[in-house]
file target_0.txt (compact mmCIF, C-alpha atoms)
# COMPACT_ATOMS: atom_id res chain seq x y z
CA MET A 25 340.02 -99.60 6.22
CA ALA A 26 338.52 -96.97 3.96
CA GLN A 27 337.49 -93.64 5.39
CA VAL A 28 333.86 -93.02 4.52
CA MET A 29 332.85 -89.36 4.60
CA LEU A 30 329.17 -88.47 5.02
CA ARG A 31 327.07 -85.35 5.04
CA ALA A 32 323.67 -84.67 6.59
CA PRO A 33 321.32 -86.38 6.97
CA LEU A 34 323.48 -89.52 6.68
CA SER A 35 326.09 -88.16 9.10
CA GLU A 36 323.37 -87.47 11.66
CA LEU A 37 321.97 -90.99 11.32
CA CYS A 38 325.47 -92.49 11.67
CA GLY A 39 326.61 -90.27 14.53
CA GLY A 40 329.38 -88.48 12.67
CA ARG A 41 330.88 -87.47 9.34
CA ALA A 42 333.88 -89.86 9.17
CA HIS A 43 333.80 -93.63 9.57
CA ALA A 44 336.45 -96.31 9.10
CA VAL A 45 334.77 -99.12 7.18
CA PRO A 46 336.14 -102.41 5.77
CA GLY A 47 335.54 -103.63 2.25
CA ALA A 48 337.31 -104.27 -1.05
CA THR A 49 334.76 -102.48 -3.26
CA VAL A 50 332.42 -99.54 -2.92
CA GLY A 51 329.51 -101.97 -2.66
CA GLU A 52 331.15 -103.91 0.14
CA VAL A 53 332.05 -100.73 2.00
CA LEU A 54 328.49 -99.43 1.80
CA VAL A 55 327.04 -102.74 2.98
CA ALA A 56 329.47 -102.73 5.90
CA LEU A 57 328.52 -99.15 6.68
CA GLU A 58 324.83 -100.14 6.76
CA GLN A 59 325.58 -103.08 9.03
CA ALA A 60 327.51 -100.87 11.43
CA HIS A 61 324.82 -98.19 11.33
CA PRO A 62 321.37 -99.78 10.81
CA PRO A 63 319.52 -96.42 10.75
CA ILE A 64 320.84 -95.78 7.22
CA ALA A 65 319.84 -99.19 5.87
CA GLY A 66 318.09 -98.51 2.58
CA TRP A 67 319.20 -94.89 2.37
CA VAL A 68 322.21 -95.33 0.06
CA LEU A 69 321.72 -98.84 -1.34
CA ASP A 70 318.33 -100.07 -2.52
CA GLU A 71 317.01 -103.62 -2.18
CA ARG A 72 318.91 -104.65 -5.28
CA GLY A 73 322.20 -103.60 -3.74
CA ARG A 74 322.51 -100.68 -6.14
CA ILE A 75 323.51 -97.17 -5.20
CA ARG A 76 320.39 -95.02 -5.38
CA GLU A 77 320.02 -93.04 -8.59
CA HIS A 78 320.48 -89.66 -6.99
CA VAL A 79 323.35 -90.52 -4.65
CA ASN A 80 326.94 -90.13 -5.82
CA VAL A 81 329.91 -92.00 -4.39
CA PHE A 82 333.48 -90.84 -4.98
CA VAL A 83 336.69 -92.77 -4.25
CA ASN A 84 339.58 -90.37 -3.71
CA GLY A 85 337.63 -87.75 -5.63
CA ILE A 86 336.79 -89.95 -8.61
CA HIS A 87 333.21 -90.96 -9.25
CA GLY A 88 332.71 -94.63 -8.41
CA GLU A 89 330.13 -97.36 -8.60
CA GLU A 90 329.35 -100.54 -6.69
CA ARG A 91 332.23 -102.56 -8.16
CA THR A 92 334.88 -99.84 -7.88
CA PRO A 93 337.87 -101.21 -5.90
CA VAL A 94 338.63 -99.66 -2.53
CA ALA A 95 342.06 -99.90 -0.86
CA GLY A 96 343.09 -99.42 2.73
CA ASP A 97 343.45 -95.69 3.00
CA ASP A 98 341.02 -94.62 0.34
CA ARG A 99 338.56 -91.84 1.07
CA VAL A 100 334.99 -92.66 0.06
CA HIS A 101 332.62 -89.69 -0.11
CA VAL A 102 328.87 -90.33 -0.19
CA LEU A 103 327.05 -87.26 -1.47
CA PRO A 104 323.57 -86.34 -2.68
CA ALA A 105 323.60 -85.70 -6.42
CA ILE A 106 323.08 -82.22 -7.84
CA THR A 107 319.59 -83.11 -8.89
CA GLY A 108 316.12 -82.57 -7.58
CA GLY A 109 312.86 -80.93 -8.40
CA MET B 8 287.87 -77.13 14.20
CA THR B 9 288.93 -79.15 11.16
CA GLU B 10 292.42 -80.54 10.77
CA LEU B 11 293.76 -81.39 7.32
CA LEU B 12 296.98 -83.19 6.48
CA VAL B 13 298.21 -82.08 3.08
CA GLY B 14 301.00 -84.06 1.43
CA THR B 15 302.91 -82.07 -1.16
CA LYS B 16 305.97 -82.17 -3.38
CA LYS B 17 307.71 -80.03 -0.76
CA GLY B 18 306.69 -81.47 2.55
CA LEU B 19 303.75 -82.10 4.83
CA PHE B 20 301.45 -79.27 5.83
CA ARG B 21 298.91 -79.37 8.63
CA LEU B 22 296.03 -76.95 8.10
CA GLU B 23 293.65 -76.13 10.91
CA GLY B 24 290.57 -73.98 10.77
CA ASP B 25 286.84 -73.60 10.52
CA GLY B 26 284.35 -71.34 8.81
CA GLY B 27 286.55 -68.37 9.65
CA GLY B 28 289.47 -69.68 7.62
CA PHE B 29 292.38 -72.06 7.82
CA GLU B 30 296.06 -71.61 8.53
CA VAL B 31 299.20 -73.72 8.33
CA THR B 32 299.97 -74.90 11.87
CA ALA B 33 302.80 -77.32 11.10
CA ARG B 34 305.19 -78.22 8.30
CA ALA B 35 307.43 -81.27 8.24
CA PHE B 36 309.83 -82.91 5.77
CA ALA B 37 310.68 -79.65 4.02
CA GLY B 38 311.91 -80.25 0.50
CA GLN B 39 310.84 -83.88 0.39
CA SER B 40 307.84 -85.41 -1.33
CA VAL B 41 305.12 -86.41 1.10
CA GLU B 42 302.86 -88.68 -0.88
CA TYR B 43 300.42 -89.36 1.93
CA ALA B 44 299.81 -88.57 5.58
CA MET B 45 297.10 -89.70 7.95
CA ARG B 46 296.25 -89.90 11.63
CA ASP B 47 295.27 -93.31 12.94
CA PRO B 48 292.07 -92.61 14.88
CA ARG B 49 292.70 -95.61 17.15
CA THR B 50 296.02 -94.36 18.51
CA GLY B 51 296.15 -90.70 17.56
CA ARG B 52 299.48 -91.43 15.89
CA TYR B 53 300.40 -89.66 12.65
CA LEU B 54 301.94 -91.64 9.79
CA ALA B 55 303.50 -90.08 6.71
CA SER B 56 305.00 -91.59 3.59
CA VAL B 57 307.96 -89.52 2.49
CA THR B 58 310.20 -89.94 -0.53
CA SER B 59 313.58 -88.28 -0.43
CA TRP B 60 314.81 -87.45 -3.91
CA PHE B 61 318.13 -88.91 -2.81
CA TYR B 62 317.49 -91.58 -0.19
CA GLY B 63 314.26 -93.25 -1.29
CA PRO B 64 310.83 -93.85 0.28
CA LYS B 65 310.22 -94.19 4.01
CA ILE B 66 307.31 -94.10 6.46
CA TRP B 67 307.67 -91.85 9.47
CA VAL B 68 305.59 -91.88 12.64
CA ALA B 69 304.89 -89.11 15.16
CA ASP B 70 302.54 -88.23 17.98
CA ASP B 71 302.50 -84.62 16.79
CA PRO B 72 303.26 -83.53 13.23
CA ALA B 73 305.09 -80.51 14.62
CA GLY B 74 307.27 -82.73 16.81
CA GLU B 75 309.80 -85.51 16.32
CA TRP B 76 309.22 -88.17 13.65
CA GLU B 77 310.50 -91.74 13.99
CA GLN B 78 311.46 -93.76 10.94
CA ALA B 79 309.56 -97.03 10.52
CA ALA B 80 311.41 -100.24 9.67
CA GLY B 81 310.86 -103.05 7.22
CA LEU B 82 309.54 -101.18 4.19
CA GLU B 83 311.62 -102.95 1.60
CA LEU B 84 311.22 -105.42 -1.19
CA PRO B 85 313.04 -108.75 -1.16
CA GLU B 86 316.81 -108.25 -1.23
CA GLY B 87 318.56 -109.28 -4.39
CA GLY B 88 315.44 -109.06 -6.52
CA GLU B 89 314.90 -107.01 -9.63
CA ASP B 90 312.70 -104.38 -7.97
CA ALA B 91 313.28 -101.51 -5.60
CA LEU B 92 310.58 -99.73 -3.65
CA ALA B 93 309.84 -96.43 -5.42
CA ARG B 94 306.97 -94.88 -3.43
CA ILE B 95 304.46 -95.46 -0.68
CA TRP B 96 301.20 -93.96 -1.90
CA VAL B 97 298.70 -94.83 0.82
CA ILE B 98 298.49 -95.84 4.49
CA VAL B 99 295.25 -97.31 5.89
CA PRO B 100 294.27 -98.62 9.35
CA GLY B 101 293.26 -102.28 9.37
CA GLU B 102 290.51 -104.03 11.27
CA ALA B 103 292.64 -105.65 13.99
CA GLU B 104 294.45 -104.05 16.89
CA GLY B 105 297.65 -102.42 15.69
CA LEU B 106 297.09 -103.51 12.09
CA VAL B 107 298.00 -100.93 9.45
CA TYR B 108 298.41 -101.38 5.70
CA ALA B 109 300.53 -99.45 3.22
CA GLY B 110 300.61 -99.67 -0.55
CA GLY B 111 303.08 -98.39 -3.07
CA ASP B 112 305.10 -98.73 -6.25
CA PRO B 113 305.85 -101.26 -7.82
CA GLY B 114 302.66 -102.76 -6.44
CA PRO B 115 303.60 -103.96 -2.96
CA LEU B 116 301.23 -104.26 -0.01
CA PHE B 117 302.88 -103.90 3.39
CA GLU B 118 301.43 -104.82 6.77
CA SER B 119 302.26 -103.55 10.23
CA ARG B 120 301.06 -105.22 13.43
CA ASP B 121 302.35 -102.53 15.80
CA GLY B 122 300.63 -99.42 14.57
CA GLY B 123 303.11 -98.57 11.83
CA LEU B 124 306.61 -98.82 13.34
CA ASN B 125 307.55 -102.19 11.81
CA TRP B 126 306.36 -103.53 8.46
CA GLU B 127 306.39 -106.72 6.44
CA LEU B 128 305.71 -107.31 2.77
CA ASN B 129 302.50 -109.22 2.01
CA ARG B 130 303.94 -112.16 0.12
CA GLY B 131 300.59 -113.52 -1.02
CA LEU B 132 300.09 -110.60 -3.37
CA TRP B 133 303.77 -109.94 -4.14
CA ASP B 134 304.34 -113.56 -5.20
CA HIS B 135 301.10 -113.85 -7.18
CA PRO B 136 301.83 -115.79 -10.37
CA THR B 137 300.32 -113.04 -12.53
CA ARG B 138 302.80 -110.42 -11.32
CA PRO B 139 305.09 -110.67 -14.38
CA ASP B 140 302.10 -109.50 -16.45
CA TRP B 141 301.36 -106.44 -14.32
CA ASN B 142 301.87 -103.15 -16.16
CA PRO B 143 302.19 -99.65 -14.73
CA GLY B 144 299.95 -96.67 -15.36
CA ALA B 145 301.22 -93.15 -15.95
CA GLY B 146 301.90 -92.78 -12.24
CA GLY B 147 303.78 -96.05 -11.97
CA LEU B 148 302.77 -99.54 -10.89
CA CYS B 149 301.06 -98.22 -7.80
CA LEU B 150 299.00 -100.04 -5.21
CA HIS B 151 296.89 -97.05 -4.23
CA THR B 152 293.64 -98.36 -2.75
CA ILE B 153 293.31 -100.44 0.41
CA ALA B 154 289.75 -101.00 1.61
CA PRO B 155 289.28 -103.20 4.69
CA TRP B 156 285.87 -104.59 5.53
CA PRO B 157 284.54 -102.91 8.67
CA GLY B 158 284.84 -105.29 11.60
CA ASP B 159 286.24 -108.21 9.59
CA PRO B 160 290.05 -108.37 9.16
CA SER B 161 289.77 -111.37 6.86
CA ARG B 162 288.15 -109.43 4.02
CA LEU B 163 290.24 -106.93 2.12
CA LEU B 164 290.18 -105.14 -1.24
CA VAL B 165 293.15 -103.48 -2.87
CA ALA B 166 293.53 -101.86 -6.28
CA ILE B 167 296.57 -101.37 -8.45
CA SER B 168 297.13 -99.22 -11.53
CA ALA B 169 297.10 -100.47 -14.24
CA VAL B 170 296.24 -103.96 -13.01
CA GLY B 171 292.87 -103.73 -11.30
CA VAL B 172 290.97 -104.83 -8.21
CA TRP B 173 292.15 -107.65 -5.95
CA LEU B 174 290.10 -109.36 -3.24
CA SER B 175 291.18 -111.47 -0.28
CA ASP B 176 288.90 -113.44 2.02
CA ASP B 177 291.64 -114.77 4.30
CA GLY B 178 293.35 -111.68 5.63
CA GLY B 179 295.69 -111.32 2.68
CA GLU B 180 297.00 -114.87 2.46
CA THR B 181 295.53 -115.41 -1.01
CA TRP B 182 294.25 -113.02 -3.65
CA ARG B 183 292.01 -113.10 -6.72
CA HIS B 184 291.46 -110.34 -9.26
CA SER B 185 287.94 -109.01 -9.69
CA ASN B 186 287.38 -106.72 -12.64
CA THR B 187 284.20 -108.19 -14.11
CA GLY B 188 282.12 -105.51 -15.77
CA ILE B 189 284.89 -102.93 -16.15
CA ASN B 190 285.39 -101.84 -19.75
CA PRO B 191 288.97 -100.72 -20.51
CA GLU B 192 288.23 -98.55 -23.54
CA TYR B 193 291.91 -97.70 -23.86
CA LEU B 194 292.44 -101.16 -25.35
CA PRO B 195 291.46 -102.05 -28.93
CA GLU B 196 288.16 -103.85 -29.32
CA ASP B 197 289.88 -106.90 -30.75
CA ALA B 198 292.40 -107.14 -27.93
CA PRO B 199 292.28 -110.51 -26.17
CA GLU B 200 290.46 -110.33 -22.87
CA ASN B 201 292.93 -109.70 -20.09
CA PRO B 202 291.62 -109.72 -16.54
CA ILE B 203 294.59 -107.80 -15.14
CA GLN B 204 294.98 -104.79 -17.39
CA HIS B 205 292.62 -102.40 -15.67
CA CYS B 206 293.69 -98.88 -14.77
CA VAL B 207 291.63 -98.39 -11.64
CA HIS B 208 292.20 -94.89 -10.25
CA ASP B 209 290.44 -95.09 -6.89
CA VAL B 210 287.96 -97.22 -4.94
CA ARG B 211 286.04 -96.29 -1.80
CA ARG B 212 283.88 -98.57 0.33
CA SER B 213 280.61 -97.44 1.90
CA ALA B 214 280.95 -97.49 5.68
CA GLY B 215 277.30 -98.31 6.27
CA ARG B 216 276.96 -100.92 3.52
CA PRO B 217 280.39 -102.51 3.03
CA GLU B 218 279.38 -104.51 -0.05
CA ARG B 219 278.72 -101.17 -1.83
CA LEU B 220 281.87 -99.83 -3.51
CA TRP B 221 282.51 -96.84 -5.75
CA MET B 222 285.27 -96.70 -8.35
CA GLN B 223 286.78 -93.96 -10.46
CA PHE B 224 288.27 -95.80 -13.40
CA HIS B 225 290.63 -94.48 -16.08
CA GLY B 226 287.53 -94.12 -18.20
CA GLY B 227 284.30 -94.48 -16.29
CA VAL B 228 282.73 -94.34 -12.83
CA TYR B 229 281.62 -97.72 -11.53
CA ARG B 230 279.63 -99.11 -8.63
CA SER B 231 279.63 -102.56 -7.09
CA ASP B 232 276.83 -103.90 -4.94
CA ASP B 233 278.43 -107.26 -4.23
CA ALA B 234 281.72 -106.39 -2.54
CA GLY B 235 283.60 -105.96 -5.78
CA GLU B 236 282.66 -109.20 -7.50
CA HIS B 237 280.96 -107.28 -10.33
CA TRP B 238 281.11 -103.67 -11.48
CA LEU B 239 278.40 -101.53 -13.09
CA ASP B 240 279.11 -98.40 -15.14
CA VAL B 241 277.21 -95.50 -13.56
CA GLY B 242 279.06 -92.59 -15.19
CA ASP B 243 276.34 -91.39 -17.57
CA GLY B 244 275.62 -87.72 -16.96
CA LEU B 245 279.13 -86.71 -16.01
CA PRO B 246 281.00 -84.22 -18.22
CA SER B 247 283.91 -86.65 -18.47
CA ASP B 248 284.46 -90.25 -17.50
CA PHE B 249 288.06 -89.51 -16.49
CA GLY B 250 289.13 -88.47 -13.01
CA PHE B 251 291.18 -89.63 -10.08
CA PRO B 252 289.49 -89.63 -6.64
CA VAL B 253 286.07 -90.69 -5.45
CA VAL B 254 284.55 -89.93 -2.03
CA VAL B 255 281.54 -91.57 -0.37
CA ASP B 256 279.13 -90.18 2.21
CA PRO B 257 279.40 -92.56 5.21
CA ALA B 258 275.74 -91.97 6.02
CA ASP B 259 274.42 -92.78 2.56
CA PRO B 260 275.76 -95.62 0.39
CA ASP B 261 273.93 -94.08 -2.59
CA ALA B 262 275.88 -90.82 -2.28
CA ALA B 263 279.28 -90.36 -3.95
CA TYR B 264 281.41 -87.48 -5.22
CA VAL B 265 283.87 -87.29 -8.11
CA ILE B 266 285.88 -84.52 -9.76
CA PRO B 267 285.80 -85.10 -13.53
CA HIS B 268 288.82 -84.10 -15.58
CA VAL B 269 289.19 -83.89 -19.33
CA GLY B 270 290.39 -87.32 -20.44
CA ALA B 271 293.77 -88.88 -20.32
CA GLU B 272 295.29 -86.52 -22.85
CA ASP B 273 294.73 -83.42 -20.67
CA ARG B 274 293.84 -84.32 -17.06
CA THR B 275 292.52 -80.91 -16.01
CA THR B 276 289.11 -79.62 -14.94
CA PRO B 277 286.90 -79.33 -18.05
CA GLY B 278 286.68 -75.91 -19.68
CA GLY B 279 288.55 -74.23 -16.86
CA VAL B 280 285.57 -74.75 -14.53
CA VAL B 281 286.04 -76.54 -11.21
CA ARG B 282 283.10 -78.64 -10.14
CA VAL B 283 282.54 -81.56 -7.78
CA TRP B 284 279.85 -83.88 -9.10
CA GLU B 285 277.46 -85.56 -6.70
CA THR B 286 275.07 -88.45 -6.95
CA ARG B 287 272.55 -89.27 -4.24
CA ASP B 288 270.76 -92.02 -6.12
CA ALA B 289 273.55 -94.57 -6.62
CA GLY B 290 274.76 -93.06 -9.88
CA ALA B 291 271.45 -92.73 -11.74
CA ASN B 292 271.84 -88.94 -11.78
CA TRP B 293 274.77 -86.60 -11.23
CA LYS B 294 274.67 -82.95 -10.20
CA ALA B 295 277.45 -80.35 -10.31
CA ARG B 296 278.27 -78.75 -6.98
CA GLY B 297 280.39 -75.66 -7.34
CA ASP B 298 279.06 -72.61 -5.49
CA GLY B 299 282.29 -70.92 -4.45
CA LEU B 300 284.61 -72.94 -6.68
CA PRO B 301 286.47 -71.31 -9.62
CA ASP B 302 284.19 -70.99 -12.62
CA HIS B 303 286.58 -69.75 -15.29
CA ASP B 304 290.23 -70.06 -16.33
CA ALA B 305 290.92 -72.71 -13.69
CA TYR B 306 292.66 -75.77 -15.13
CA LEU B 307 293.24 -77.83 -12.02
CA THR B 308 294.47 -81.37 -11.57
CA VAL B 309 293.24 -83.16 -8.46
CA LEU B 310 295.18 -86.35 -7.83
CA ARG B 311 293.89 -89.65 -6.51
CA GLU B 312 294.52 -89.12 -2.79
CA ALA B 313 293.83 -85.38 -2.78
CA PHE B 314 290.10 -85.56 -1.96
CA ASP B 315 288.65 -86.57 1.40
CA SER B 316 285.71 -86.05 3.70
CA ASP B 317 284.67 -85.86 7.31
CA GLY B 318 281.28 -85.92 8.95
CA GLU B 319 278.26 -87.23 7.08
CA GLY B 320 274.88 -86.38 5.64
CA ASP B 321 274.05 -82.69 5.40
CA ARG B 322 277.14 -81.94 7.48
CA LEU B 323 279.50 -83.88 5.25
CA GLY B 324 282.78 -82.01 4.93
CA LEU B 325 284.55 -82.24 1.58
CA TYR B 326 288.14 -81.13 0.99
CA PHE B 327 290.36 -81.38 -2.06
CA GLY B 328 293.72 -80.04 -3.18
CA ALA B 329 295.22 -79.42 -6.60
CA THR B 330 298.66 -79.80 -8.07
CA SER B 331 298.61 -76.02 -8.46
CA GLY B 332 298.64 -75.63 -4.67
CA GLU B 333 295.07 -74.69 -3.80
CA VAL B 334 292.90 -76.45 -1.22
CA PHE B 335 289.11 -76.07 -1.34
CA GLY B 336 286.59 -77.10 1.29
CA SER B 337 282.88 -77.47 1.87
CA ALA B 338 281.19 -77.98 5.24
CA ASP B 339 277.72 -78.62 3.83
CA ALA B 340 278.07 -81.65 1.56
CA GLY B 341 279.21 -79.60 -1.40
CA ALA B 342 276.43 -76.99 -1.40
CA THR B 343 278.93 -74.16 -0.85
CA TRP B 344 282.69 -74.03 -1.11
CA ALA B 345 285.58 -71.83 -0.02
CA GLN B 346 289.28 -71.77 -0.74
CA VAL B 347 291.04 -73.13 2.33
CA ALA B 348 294.64 -72.58 1.25
CA ASP B 349 296.61 -71.23 -1.67
CA HIS B 350 300.23 -71.16 -2.81
CA LEU B 351 301.13 -74.55 -1.39
CA PRO B 352 303.50 -76.78 -3.35
CA PRO B 353 301.95 -79.30 -5.75
CA ILE B 354 299.48 -81.34 -3.68
CA TYR B 355 299.58 -85.14 -3.70
CA SER B 356 297.15 -85.91 -0.88
CA VAL B 357 294.59 -84.39 1.46
CA ARG B 358 293.31 -86.27 4.49
CA THR B 359 290.97 -85.15 7.22
CA VAL B 360 291.85 -85.94 10.82
call {"tool": "encode", "arguments": {"input": "target_0.txt", "output": "structure tokens"}}
result
Amino acid sequence: MAQVMLRAPLSELCGGRAHAVPGATVGEVLVALEQAHPPIAGWVLDERGRIREHVNVFVNGIHGEERTPVAGDDRVHVLPAITGG
Amino acid sequence: MTELLVGTKKGLFRLEGDGGGFEVTARAFAGQSVEYAMRDPRTGRYLASVTSWFYGPKIWVADDPAGEWEQAAGLELPEGGEDALARIWVIVPGEAEGLVYAGGDPGPLFESRDGGLNWELNRGLWDHPTRPDWNPGAGGLCLHTIAPWPGDPSRLLVAISAVGVWLSDDGGETWRHSNTGINPEYLPEDAPENPIQHCVHDVRRSAGRPERLWMQFHGGVYRSDDAGEHWLDVGDGLPSDFGFPVVVDPADPDAAYVIPHVGAEDRTTPGGVVRVWETRDAGANWKARGDGLPDHDAYLTVLREAFDSDGEGDRLGLYFGATSGEVFGSADAGATWAQVADHLPPIYSVRTV
């Protein structure tokens, strides 16, 4: 399973920074993460199943998107984007 | 003691004070946009709509704004659709036990039956066959006004920019638009009549005469005497027909207050002078009330939810905030004013508690 790495406030809502999550794509991994941790439902993925505009997901350090493949030992980082106002 | 909840671009501020001045007694959601916050007078519970730049819009609930906030559930649009919830702009108590409404962008109405902890989308309005023809205003496709009928949960008015007024007589099961009499001057004269292209900015219902409604339109101030079935332009005498909020004196259905701004191309107080305009004869005449308000070099923008009242009659309290961070207040129905706060982040909403 992929290792999903979170930072606050997501890590606080999920009870920790690292989580082993199944899934063959970034989208599947994030859906599985939401199912395992309902408090973050809607925080990373919107109703359309898209990663929110100002959230970045990296797979092994490379920027990914919903359809990016994820293999067994991949590290998936979910980070707030360097944006804001 | 007056308590104000001020929603800003950088969090929620609670101001408390009286004639001797106000101070910030709580701040929550630092760094996040708080579009709206209110206290449900039936439960004492505080509800705030908060939009994280990163993680989207949520409603949070607390017994004390300085304490712990609990995230509400169910504020989402249908999964797999083409829309995502962008903002929650307003939260309003309903007329049944535990009933609370929330409205947002892109035009959803949400309902809670447990005081605001769990929500459901109102499908009657969301699935209305005219929805594909709804267009947003400058602030988005926002459902910003929710006006229940006192004592009757079956009757409800909502307003959406830039769509218009919607009425329900069956508790929100079915809806019909009601913009008769409103003149959208931003459309060409030869444009085909379109009953759902009306940029309503705000609507308030008179507490003592529920069929009396006041509207600040994109261009014009209107009044309805028949529960929103028809609208009458009553803006003659104002320095501008553009503005965002309108406030009504609960003791007098003929008394309303608006804050005119230079029209859509500018959206600031005219000539750098800040004035609240009052009518006490149902819109026949308007009078500027500004003793204590800035009278030069003050180009303020007061947004739709950033003007509210408490009390009534001669003791009507009026409070408004600007995107430049000032809050002004009057404890005598606008006769005299004082600056309540300064240097806050851009203000989205002001609500009395």
call {"tool": "closest_residue", "arguments": {"input": "target_0.txt", "among": "A:Met25, A:Leu57, A:Ile64, A:Arg91", "to": "Leu37 of chain A", "atoms": "only C-alpha atoms"}}
result
A:Ile64
call {"tool": "closest_residue", "arguments": {"input": "target_0.txt", "among": "A:Ala60, A:Val81, A:Ala105, A:Val28", "to": "chain B", "atoms": "only C-alpha atoms"}}
result
A:Ala105
call {"tool": "interface_residues", "arguments": {"input": "target_0.txt", "of": "chain B", "to": "chain A", "cutoff": "8 Å", "atoms": "only C-alpha atoms", "output": "PyMOL selection string"}}
result
chain B and resi 60-63+83-92
call {"tool": "closest_residue", "arguments": {"input": "target_0.txt", "among": "B:Arg287, B:Val309, B:Gly235, B:Leu194", "to": "Pro267 of chain B", "atoms": "all atoms listed in the file"}}
result
B:Val309
call {"tool": "closest_residue", "arguments": {"input": "target_0.txt", "among": "B:Ala329, B:Val254, B:Leu116, B:Ala145", "to": "Val281 of chain B", "atoms": "only C-alpha atoms"}}
result
B:Ala329
call {"tool": "residues_around", "arguments": {"input": "target_0.txt", "residues": "Gly85 of chain A", "least_positions_apart": "5", "cutoff": "8 Å", "atoms": "all atoms listed in the file", "output": "list in words"}}
result
Arg99, Val100 and His101 of chain A
call {"tool": "atom_distance", "arguments": {"input": "target_0.txt", "atom1": "atom CA of Leu128 of chain B", "atom2": "atom CA of Ser168 of chain B"}}
result
18.5 Å
call {"tool": "residues_around", "arguments": {"input": "target_0.txt", "residues": "segment 44-48 of chain A", "least_positions_apart": "4", "cutoff": "6 Å", "atoms": "all atoms listed in the file", "output": "PyMOL selection string"}}
result
chain A and resi 25-27+52-53+93-94
call {"tool": "write_last_selection", "arguments": {"input": "target_0.txt", "atoms": "C-alpha atoms", "output": "compact mmCIF listing (two decimals), in the frame of the given file"}}
result
# COMPACT_ATOMS: atom_id res chain seq x y z
CA MET A 25 340.02 -99.60 6.22
CA ALA A 26 338.52 -96.97 3.96
CA GLN A 27 337.49 -93.64 5.39
CA GLU A 52 331.15 -103.91 0.14
CA VAL A 53 332.05 -100.73 2.00
CA PRO A 93 337.87 -101.21 -5.90
CA VAL A 94 338.63 -99.66 -2.53
call {"tool": "build_atoms", "arguments": {"input": "target_0.txt", "residues": "segment 168-181 of chain B", "atoms": "N, CA and C atoms", "output": "mmCIF file, in the coordinates of the input"}}
result
data_model
loop_
_atom_site.group_PDB
_atom_site.id
_atom_site.type_symbol
_atom_site.label_atom_id
_atom_site.label_comp_id
_atom_site.auth_asym_id
_atom_site.auth_seq_id
_atom_site.Cartn_x
_atom_site.Cartn_y
_atom_site.Cartn_z
ATOM 1 N N SER B 168 297.081 -99.745 -10.155
ATOM 2 C CA SER B 168 297.130 -99.220 -11.530
ATOM 3 C C SER B 168 298.381 -99.742 -12.209
ATOM 4 N N ALA B 169 298.287 -100.253 -13.447
ATOM 5 C CA ALA B 169 297.100 -100.470 -14.240
ATOM 6 C C ALA B 169 296.824 -101.966 -14.281
ATOM 7 N N VAL B 170 296.478 -102.526 -13.138
ATOM 8 C CA VAL B 170 296.240 -103.960 -13.010
ATOM 9 C C VAL B 170 294.776 -104.214 -12.702
ATOM 10 N N GLY B 171 294.277 -103.595 -11.620
ATOM 11 C CA GLY B 171 292.870 -103.730 -11.300
ATOM 12 C C GLY B 171 292.625 -104.009 -9.826
ATOM 13 N N VAL B 172 291.444 -104.576 -9.564
ATOM 14 C CA VAL B 172 290.970 -104.830 -8.210
ATOM 15 C C VAL B 172 291.385 -106.243 -7.788
ATOM 16 N N TRP B 173 291.805 -106.351 -6.524
ATOM 17 C CA TRP B 173 292.150 -107.650 -5.950
ATOM 18 C C TRP B 173 291.365 -107.816 -4.652
ATOM 19 N N LEU B 174 290.874 -109.041 -4.444
ATOM 20 C CA LEU B 174 290.100 -109.360 -3.240
ATOM 21 C C LEU B 174 290.783 -110.476 -2.473
ATOM 22 N N SER B 175 290.721 -110.376 -1.146
ATOM 23 C CA SER B 175 291.180 -111.470 -0.280
ATOM 24 C C SER B 175 290.100 -111.755 0.745
ATOM 25 N N ASP B 176 289.878 -113.017 1.004
ATOM 26 C CA ASP B 176 288.900 -113.440 2.020
ATOM 27 C C ASP B 176 289.578 -114.114 3.204
ATOM 28 N N ASP B 177 290.911 -114.089 3.229
ATOM 29 C CA ASP B 177 291.640 -114.770 4.300
ATOM 30 C C ASP B 177 292.739 -113.877 4.880
ATOM 31 N N GLY B 178 292.415 -112.602 4.992
ATOM 32 C CA GLY B 178 293.350 -111.680 5.630
ATOM 33 C C GLY B 178 294.602 -111.405 4.823
ATOM 34 N N GLY B 179 294.546 -111.637 3.520
ATOM 35 C CA GLY B 179 295.690 -111.320 2.680
ATOM 36 C C GLY B 179 296.594 -112.497 2.380
ATOM 37 N N GLU B 180 296.187 -113.686 2.783
ATOM 38 C CA GLU B 180 297.000 -114.870 2.460
ATOM 39 C C GLU B 180 296.936 -115.173 0.966
ATOM 40 N N THR B 181 295.722 -115.133 0.415
ATOM 41 C CA THR B 181 295.530 -115.410 -1.010
ATOM 42 C C THR B 181 294.705 -114.284 -1.630
#
